[in-house]
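Here is the file final_10.txt (compact mmCIF, C-alpha atoms and all ligand atoms).
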```txt
# COMPACT_ATOMS: atom_id res chain seq x y z
CA MET X 8 114.36 78.11 -71.90
CA SER X 9 113.38 80.98 -69.69
CA GLU X 10 109.98 81.32 -68.19
CA GLN X 11 109.25 83.51 -65.19
CA MET X 12 107.21 82.15 -62.30
CA SER X 13 105.67 84.44 -59.73
CA SER X 14 105.61 83.89 -55.97
CA PHE X 15 105.52 80.34 -54.64
CA ILE X 16 103.50 80.25 -51.44
CA SER X 17 101.46 77.06 -51.77
CA SER X 18 101.85 73.70 -53.51
CA LYS X 19 98.38 74.29 -54.92
CA GLN X 20 99.76 77.00 -57.22
CA LEU X 21 101.72 74.62 -59.44
CA SER X 22 100.34 72.89 -62.51
CA LEU X 23 101.50 69.37 -63.33
CA GLU X 24 103.38 70.78 -66.28
CA GLN X 25 105.26 73.31 -64.13
CA LEU X 26 106.06 70.57 -61.60
CA HIS X 27 107.57 68.34 -64.24
CA ARG X 28 109.59 71.24 -65.62
CA ILE X 29 111.00 71.97 -62.15
CA PHE X 30 111.87 68.28 -61.68
CA SER X 31 113.45 67.91 -65.06
CA ARG X 32 115.65 70.98 -64.57
CA ALA X 33 116.59 69.78 -61.06
CA LYS X 34 117.60 66.43 -62.58
CA TRP X 35 119.66 68.24 -65.20
CA PHE X 36 121.40 70.39 -62.56
CA LYS X 37 122.10 67.31 -60.43
CA SER X 38 123.57 65.31 -63.28
CA GLU X 39 125.69 68.24 -64.51
CA PHE X 40 126.92 68.79 -60.97
CA GLY X 41 127.79 65.09 -60.75
CA ARG X 42 129.74 65.41 -63.99
CA SER X 43 131.53 68.73 -63.49
CA GLY X 44 131.07 69.72 -59.84
CA ARG X 45 129.31 72.96 -60.79
CA ILE X 46 126.14 74.29 -62.41
CA HIS X 47 126.79 78.02 -62.88
CA GLN X 48 128.02 77.34 -66.44
CA LEU X 49 124.39 76.50 -67.32
CA VAL X 50 123.13 80.02 -66.65
CA ASP X 51 124.07 83.42 -68.01
CA SER X 52 126.55 84.38 -65.29
CA GLU X 53 126.28 88.13 -65.96
CA GLU X 54 122.50 87.95 -65.47
CA ALA X 55 122.78 85.72 -62.38
CA ARG X 56 125.32 88.01 -60.71
CA LYS X 57 122.95 90.96 -60.95
CA LYS X 58 120.25 89.20 -58.90
CA ILE X 59 119.95 89.77 -55.17
CA LEU X 60 118.02 87.28 -53.09
CA SER X 61 116.82 88.26 -49.60
CA LEU X 62 116.48 85.38 -47.17
CA VAL X 63 114.41 86.21 -44.09
CA PHE X 64 114.36 83.26 -41.68
CA LEU X 65 112.74 84.28 -38.43
CA GLU X 66 112.23 80.71 -37.22
CA PRO X 67 114.97 78.11 -36.67
CA SER X 68 116.18 76.31 -39.79
CA THR X 69 119.22 74.28 -40.76
CA ARG X 70 118.43 72.47 -44.01
CA THR X 71 116.03 74.86 -45.74
CA ARG X 72 118.03 78.02 -45.07
CA THR X 73 121.42 76.55 -45.96
CA SER X 74 120.00 74.73 -48.95
CA PHE X 75 118.53 77.95 -50.40
CA GLN X 76 121.88 79.66 -49.82
CA VAL X 77 123.85 76.87 -51.47
CA ALA X 78 121.36 76.71 -54.36
CA ALA X 79 121.64 80.47 -54.90
CA LEU X 80 125.45 80.50 -54.70
CA ARG X 81 125.73 77.55 -57.08
CA LEU X 82 123.74 79.58 -59.62
CA GLY X 83 125.97 82.61 -59.04
CA LEU X 84 123.28 84.75 -57.37
CA ARG X 85 123.98 87.07 -54.48
CA VAL X 86 122.32 86.48 -51.13
CA VAL X 87 121.44 88.72 -48.19
CA LEU X 88 120.53 86.80 -45.06
CA LEU X 89 118.48 87.96 -42.09
CA ASP X 90 118.18 85.00 -39.77
CA ASN X 91 118.93 85.98 -36.22
CA PRO X 92 116.01 87.66 -34.44
CA LEU X 93 118.42 88.78 -31.69
CA VAL X 94 120.10 91.19 -34.09
CA THR X 95 116.99 92.49 -35.85
CA SER X 96 114.86 95.43 -34.75
CA THR X 97 112.19 93.00 -33.54
CA GLN X 98 114.32 93.33 -30.37
CA LYS X 99 113.30 97.02 -30.30
CA GLY X 100 109.62 96.20 -30.72
CA GLU X 101 109.30 96.18 -34.51
CA SER X 102 106.73 93.68 -35.72
CA LEU X 103 107.48 90.78 -38.02
CA ALA X 104 105.20 92.32 -40.65
CA ASP X 105 107.15 95.60 -40.54
CA THR X 106 110.41 93.67 -40.75
CA LEU X 107 109.20 92.01 -43.95
CA ARG X 108 107.85 95.33 -45.33
CA ASN X 109 111.25 96.93 -44.83
CA VAL X 110 113.19 94.10 -46.48
CA ALA X 111 110.76 94.23 -49.44
CA ALA X 112 111.25 98.02 -49.60
CA MET X 113 114.94 97.41 -50.41
CA LEU X 114 113.73 95.95 -53.72
CA PRO X 115 115.46 92.55 -53.78
CA ASP X 116 114.85 90.41 -56.87
CA ALA X 117 113.12 87.76 -54.73
CA MET X 118 112.46 87.03 -51.06
CA ILE X 119 112.61 83.64 -49.35
CA VAL X 120 110.70 83.73 -46.06
CA ARG X 121 110.16 81.59 -42.99
CA TYR X 122 108.22 82.64 -39.90
CA GLY X 123 105.66 81.32 -37.40
CA VAL X 124 101.89 81.72 -37.42
CA ASP X 125 101.20 85.35 -38.43
CA ARG X 126 98.10 86.24 -40.44
CA GLU X 127 99.20 89.83 -41.10
CA CYS X 128 102.42 88.60 -42.71
CA ASP X 129 100.55 85.98 -44.77
CA GLU X 130 98.40 88.72 -46.33
CA LEU X 131 101.35 91.03 -46.80
CA LEU X 132 103.31 88.58 -48.95
CA GLN X 133 100.89 89.05 -51.83
CA THR X 134 101.56 92.78 -51.90
CA PHE X 135 105.33 92.80 -52.39
CA GLY X 136 106.76 93.89 -55.70
CA CYS X 137 109.07 90.87 -56.01
CA PRO X 138 108.40 87.12 -56.05
CA VAL X 139 108.22 85.54 -52.59
CA ILE X 140 109.00 81.89 -51.81
CA ASN X 141 107.50 80.20 -48.76
CA ALA X 142 110.33 78.41 -46.93
CA GLY X 143 108.03 77.28 -44.10
CA ILE X 144 105.23 79.48 -42.81
CA GLY X 145 103.47 78.62 -39.54
CA THR X 146 101.64 75.30 -39.76
CA MET X 147 100.29 76.20 -43.19
CA GLU X 148 102.64 74.93 -45.89
CA HIS X 149 106.25 74.21 -46.75
CA PRO X 150 106.00 73.74 -50.50
CA THR X 151 109.72 73.50 -51.36
CA GLN X 152 110.08 70.61 -48.90
CA ALA X 153 107.23 68.87 -50.72
CA LEU X 154 109.03 69.50 -54.03
CA LEU X 155 112.20 67.83 -52.83
CA ASP X 156 110.26 64.97 -51.21
CA ALA X 157 108.47 64.33 -54.50
CA PHE X 158 111.72 64.60 -56.48
CA THR X 159 113.35 62.03 -54.18
CA ILE X 160 110.38 59.69 -54.67
CA LEU X 161 110.59 60.16 -58.43
CA GLU X 162 114.31 59.35 -58.44
CA ASN X 163 113.99 56.28 -56.28
CA ARG X 164 110.63 54.89 -57.34
CA GLY X 165 110.50 56.05 -60.96
CA GLY X 166 107.09 57.75 -60.76
CA PHE X 167 103.97 58.28 -58.68
CA ARG X 168 101.17 56.33 -60.34
CA ASP X 169 101.16 53.20 -58.17
CA GLU X 170 102.88 54.72 -55.17
CA ARG X 171 101.41 54.39 -51.70
CA ILE X 172 102.78 57.06 -49.43
CA LEU X 173 102.38 56.78 -45.68
CA ILE X 174 102.92 59.91 -43.55
CA VAL X 175 103.67 59.03 -39.92
CA GLY X 176 103.55 61.20 -36.81
CA ASP X 177 102.49 64.72 -35.90
CA VAL X 178 100.42 65.34 -39.03
CA LEU X 179 98.21 67.90 -37.27
CA HIS X 180 101.00 70.44 -36.76
CA SER X 181 103.10 69.70 -39.84
CA ARG X 182 103.29 72.21 -42.69
CA VAL X 183 105.36 69.63 -44.56
CA ALA X 184 102.51 67.10 -44.41
CA ASN X 185 100.03 69.68 -45.78
CA SER X 186 102.24 70.47 -48.77
CA ASP X 187 103.14 66.80 -49.36
CA LEU X 188 99.47 65.85 -49.46
CA VAL X 189 98.62 68.40 -52.14
CA LEU X 190 101.63 67.70 -54.32
CA LEU X 191 101.72 63.91 -54.07
CA GLN X 192 98.01 63.54 -54.77
CA MET X 193 98.35 65.89 -57.73
CA LEU X 194 101.13 63.67 -59.07
CA GLY X 195 98.85 60.63 -58.84
CA ALA X 196 100.12 58.89 -55.68
CA GLU X 197 97.86 57.50 -52.97
CA VAL X 198 98.53 59.13 -49.60
CA ALA X 199 97.65 57.76 -46.14
CA TYR X 200 98.68 58.69 -42.63
CA CYS X 201 99.32 57.01 -39.32
CA ALA X 202 99.08 59.29 -36.29
CA PRO X 203 98.13 59.13 -32.63
CA ALA X 204 94.68 60.56 -31.80
CA GLU X 205 96.35 63.78 -30.58
CA PHE X 206 97.95 64.42 -33.98
CA ILE X 207 95.17 63.54 -36.40
CA PRO X 208 94.82 66.37 -38.94
CA LYS X 209 91.61 68.41 -38.87
CA GLU X 210 91.84 70.32 -42.16
CA GLU X 211 89.26 69.54 -44.83
CA ALA X 212 91.90 68.21 -47.25
CA TRP X 213 92.68 65.33 -44.88
CA LYS X 214 89.05 64.24 -44.30
CA SER X 215 88.98 61.67 -47.10
CA VAL X 216 92.57 60.49 -46.64
CA LYS X 217 93.07 56.85 -45.62
CA SER X 218 94.50 56.34 -42.14
CA PHE X 219 96.15 53.52 -40.20
CA SER X 220 96.02 53.25 -36.44
CA ASP X 221 98.62 50.48 -36.48
CA ILE X 222 102.03 51.39 -37.89
CA ASP X 223 102.83 47.78 -38.81
CA GLU X 224 99.83 47.64 -41.12
CA GLY X 225 100.80 50.97 -42.64
CA MET X 226 104.37 49.80 -43.27
CA GLU X 227 103.07 46.76 -45.12
CA TRP X 228 100.76 48.90 -47.25
CA ALA X 229 103.31 51.60 -48.18
CA SER X 230 105.97 51.91 -50.84
CA VAL X 231 107.18 55.22 -49.36
CA VAL X 232 107.12 56.17 -45.66
CA ILE X 233 107.57 59.79 -44.59
CA CYS X 234 108.16 60.21 -40.84
CA LEU X 235 107.58 63.60 -39.22
CA ARG X 236 109.06 65.27 -36.18
CA ILE X 237 106.83 65.89 -33.18
CA GLN X 238 106.31 69.67 -33.50
CA LYS X 239 106.53 70.41 -29.77
CA GLU X 240 106.88 74.14 -30.30
CA ARG X 241 103.47 74.22 -32.00
CA HIS X 242 101.58 72.37 -29.29
CA SER X 243 99.36 74.44 -27.04
CA THR X 244 100.60 75.11 -23.55
CA GLN X 245 98.43 72.27 -22.29
CA SER X 246 100.12 68.91 -22.56
CA VAL X 247 99.06 66.99 -25.67
CA GLY X 248 98.38 64.02 -23.41
CA LEU X 249 100.99 61.79 -25.04
CA THR X 250 104.45 61.22 -23.67
CA ILE X 251 107.52 60.76 -25.87
CA ALA X 252 107.86 57.22 -24.47
CA GLU X 253 104.29 56.42 -25.54
CA TYR X 254 104.90 57.89 -28.98
CA ARG X 255 108.10 55.94 -29.44
CA GLU X 256 106.45 52.72 -28.39
CA LYS X 257 103.73 52.92 -31.04
CA TYR X 258 104.99 55.13 -33.88
CA ARG X 259 108.78 55.03 -34.03
CA VAL X 260 110.13 53.36 -37.15
CA GLY X 261 112.83 50.88 -36.12
CA GLY X 262 114.14 47.51 -37.24
CA ASP X 263 110.87 45.65 -36.56
CA GLN X 264 108.82 48.10 -38.60
CA LEU X 265 111.36 48.12 -41.42
CA LYS X 266 110.99 44.37 -41.80
CA ARG X 267 107.47 45.09 -43.01
CA LEU X 268 108.51 47.66 -45.61
CA ARG X 269 109.04 46.19 -49.07
CA PRO X 270 112.68 45.74 -50.08
CA ASP X 271 112.41 48.44 -52.75
CA GLY X 272 110.44 50.81 -50.51
CA ILE X 273 111.97 54.04 -49.18
CA LEU X 274 111.95 55.90 -45.90
CA LEU X 275 111.99 59.72 -45.79
CA HIS X 276 111.99 62.44 -43.12
CA PRO X 277 112.14 66.21 -43.72
CA GLY X 278 114.49 66.68 -40.73
CA PRO X 279 115.37 67.57 -38.11
CA VAL X 280 115.30 63.94 -37.00
CA ASN X 281 114.99 63.16 -33.32
CA ARG X 282 116.85 59.88 -33.40
CA GLY X 283 115.21 57.28 -31.22
CA VAL X 284 111.84 59.07 -31.32
CA GLU X 285 110.68 59.09 -34.95
CA LEU X 286 113.43 56.87 -36.40
CA SER X 287 115.83 54.51 -34.65
CA ASN X 288 119.56 54.69 -35.42
CA PHE X 289 119.14 51.33 -37.08
CA ALA X 290 116.42 52.67 -39.39
CA PHE X 291 118.51 55.76 -40.20
CA ALA X 292 121.37 53.48 -41.34
CA ASP X 293 119.13 51.24 -43.49
CA PRO X 294 119.86 51.64 -47.23
CA ARG X 295 116.16 52.38 -47.81
CA CYS X 296 116.45 55.49 -45.64
CA LYS X 297 116.99 58.42 -48.05
CA VAL X 298 117.05 61.29 -45.57
CA LEU X 299 120.43 62.69 -46.64
CA GLU X 300 119.57 62.17 -50.30
CA GLN X 301 116.54 64.42 -49.66
CA VAL X 302 118.94 67.08 -48.38
CA THR X 303 121.15 66.84 -51.48
CA ASN X 304 118.09 66.96 -53.72
CA GLY X 305 116.88 70.05 -51.86
CA VAL X 306 119.77 72.03 -53.35
CA PHE X 307 119.02 71.05 -56.96
CA VAL X 308 115.25 71.39 -56.64
CA ARG X 309 115.70 74.86 -55.13
CA SER X 310 118.23 75.87 -57.78
CA SER X 311 115.71 74.82 -60.39
CA LEU X 312 112.87 76.72 -58.69
CA LEU X 313 115.02 79.85 -58.27
CA SER X 314 115.97 79.80 -61.94
CA TYR X 315 112.28 79.85 -62.90
CA VAL X 316 111.26 82.42 -60.28
CA LEU X 317 114.04 84.77 -61.37
CA GLY X 318 113.51 84.09 -65.07
CA LEU X 319 117.12 83.03 -65.62
CA GLU X 320 118.11 81.72 -69.03
CA VAL X 321 119.27 78.13 -68.57
CA ILE X 322 121.04 75.96 -71.11
CA ASP X 323 118.78 72.93 -70.80
CA GLY X 324 120.01 69.38 -71.38
C1 LIG Y 1 110.53 71.08 -41.29
C2 LIG Y 1 110.01 72.45 -40.98
O1 LIG Y 1 110.73 73.31 -40.50
O2 LIG Y 1 108.86 72.64 -41.25
N1 LIG Y 1 111.87 70.93 -41.55
C3 LIG Y 1 112.44 71.38 -42.69
O3 LIG Y 1 112.20 72.46 -43.15
N2 LIG Y 1 113.29 70.56 -43.33
C4 LIG Y 1 110.00 70.05 -40.38
C5 LIG Y 1 110.21 70.20 -38.89
O4 LIG Y 1 110.58 71.23 -38.38
O5 LIG Y 1 109.92 69.21 -38.22
```

Would you write the structure of this file as structure tokens?
Amino acid sequence: MSEQMSSFISSKQLSLEQLHRIFSRAKWFKSEFGRSGRIHQLVDSEEARKKILSLVFLEPSTRTRTSFQVAALRLGLRVVLLDNPLVTSTQKGESLADTLRNVAAMLPDAMIVRYGVDRECDELLQTFGCPVINAGIGTMEHPTQALLDAFTILENRGGFRDERILIVGDVLHSRVANSDLVLLQMLGAEVAYCAPAEFIPKEEAWKSVKSFSDIDEGMEWASVVICLRIQKERHSTQSVGLTIAEYREKYRVGGDQLKRLRPDGILLHPGPVNRGVELSNFAFADPRCKVLEQVTNGVFVRSSLLSYVLGLEVIDG
């Protein structure tokens, strides 16, 4: 089956049907990889080899950038990576928007982009001649993280209908939380959050979302807990009025909190994890913690998405 998708900037763009198709192909890729250690045999290798993917990561990234690269290479695509601002012409005064314009002018088959808050770039993305995938833009959205979070929930919990998903931490500054909310509600899950006053989200979409001030109560309510990193780099220059010690005291998930999570519940985190702040080492080692499984799933979910965005023929299972 081959069906071309256009750009993927927001979780809101996907229909339920498209979502399930992405998940089912990701599941197929993962199981074939488990069986044979490769997935490139599932696509037309001649077609795949002709495609050039431009990755432009002008904000730090470990998982998302590497995962897109691995996903692309597993499919047999070719990748061009621009990820070090110190060696781009931004050092000579070129703007981020002009950097993106120039990469787009080289006519890649698709662009994967990450950058900070930049309205001019946001508008520009719609004008490029190739599909663009949002790999984390400002505080707006990070839709491929939401895809892999949802896929991990689907794998571990079997579905979304009766799921209660608690998002803990710096919800206000998290693009992951914004994308998770849209996608998980669309899939039928109930979403709630637990955040200190300083990190309560202000966007309209969060207004009617249930919230817990006490993490213990939230842990008892939830079947899935997603912890978030404190997004220090996005806080204004004024102090947010909350110290790390205060945060840890009230919102860190450790052994005591895990006792309240149901035995078949799961604990997620998009990474990077600040051990001891959002999750204790003990919590990280708990079998319900699926953080590294999320990372593995990121590769297969992104391979699946890329195959649709590039219109690759895939031998489906
Ligand atoms: C997140 C990001 O960059 O938005 N991480 C990720 O992509 N896996 C979350 C974060 O930085 O805290």

Let me see if you get this right: every residue at most 8 Å from ligand LIG 1 (chain Y), counting only C-alpha atoms and all ligand atoms, written as a list in words.
Pro67, Ser68, Thr69, Arg70, Thr71, Ala142, Gly143, Ile144, Thr146, His149, Gln152, Ser181, Arg182, Val183, Leu235, Arg236, Ile237, Gln238, Pro277, Gly278, Pro279 and Val280 of chain X

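As for atom CA of X:Val232 and atom CA of X:Val77, they are spaced 27.2 Å apart.
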
Contacts of X:Cys128 at 10 Å (all atoms listed in the file; same-chain gap of 4+ positions) as a ChimeraX atom specification
/X:102-108,122-124,132-133,144

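Proximity of X:Tyr254, X:Phe158, X:Trp213, X:Phe135 to X:Leu275, computed with all atoms listed in the file, is greatest for X:Phe158.
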
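The closest residue to X:Met147, picked from X:Leu313, X:Leu191, X:Leu23, X:Leu179 and counting all atoms listed in the file, is X:Leu179.
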
Restrict the calculation to all atoms listed in the file, then for each residue of stretch 83-153 of chain X with any atom at most 10 Å from an atom of stretch 36-57 of chain X give the closest atom pair and their distance in Å to one decimal, rows by chain and rising residue number, as a tab-separated table.
```
residue	atom	partner	partner_atom	distance
X:Gly83	CA	X:Ala55	CA	5.6
X:Leu84	CA	X:Arg56	CA	5.1
X:Arg85	CA	X:Arg56	CA	6.4
X:Asp116	CA	X:Lys57	CA	9.1
```

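For the pair atom CA of X:Arg32 and atom CA of X:Thr73, the interatomic distance is 20.3 Å.
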
Enter the distance from atom CA of X:Arg171 to atom CA of X:Glu256, in Å, rounded to one decimal.
23.9 Å

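For X:Arg295, the set of protein, DNA and RNA residues having any atom at most 10 Å away, when counting all atoms listed in the file and skipping those fewer than 4 positions along the same chain, is Asn163, Val231, Leu265, Leu268, Arg269, Pro270, Asp271, Gly272, Ile273, Leu274, Leu275, Ala290 and Phe291 of chain X.
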
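Using all atoms listed in the file, the nearest neighbour of X:Thr134 within the list X:Ala111, X:Ile119, X:Leu188, X:Leu89 is X:Ala111.
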
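Distances here use all atoms listed in the file; by that measure, the residue among X:Val110, X:Cys201, X:Ala196, X:Leu299 closest to X:Ile172 is X:Ala196.
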
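When all atoms listed in the file are used to measure the gap to X:Cys234, the shortest distance among X:Leu21, X:Leu82, X:Ile174, X:Leu194 belongs to X:Ile174.
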
Selected residue, from X:Val139, X:Ile59, X:Ile251, X:Ala153, that lies nearest to X:Val87 when counting all atoms listed in the file:
X:Ile59

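Near X:Val308, within 8 Å and counting all atoms listed in the file, sit Ile29, Phe30, Arg32, Ala33, Thr151, Leu154, Leu155, Phe158, Asn304, Gly305, Val306, Ser310, Ser311 and Leu312 of chain X, not including residues fewer than 2 positions from it in the same chain.
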
Would you give the centre and edge lengths, in Å to one decimal, of a box along x, y and z around the listed atoms of stretch 138-148 of chain X, with 5 Å added to each side, as AutoDock Vina command-line options?
```
--center_x 105.3 --center_y 81.0 --center_z -47.8 --size_x 20.0 --size_y 22.2 --size_z 26.5
```
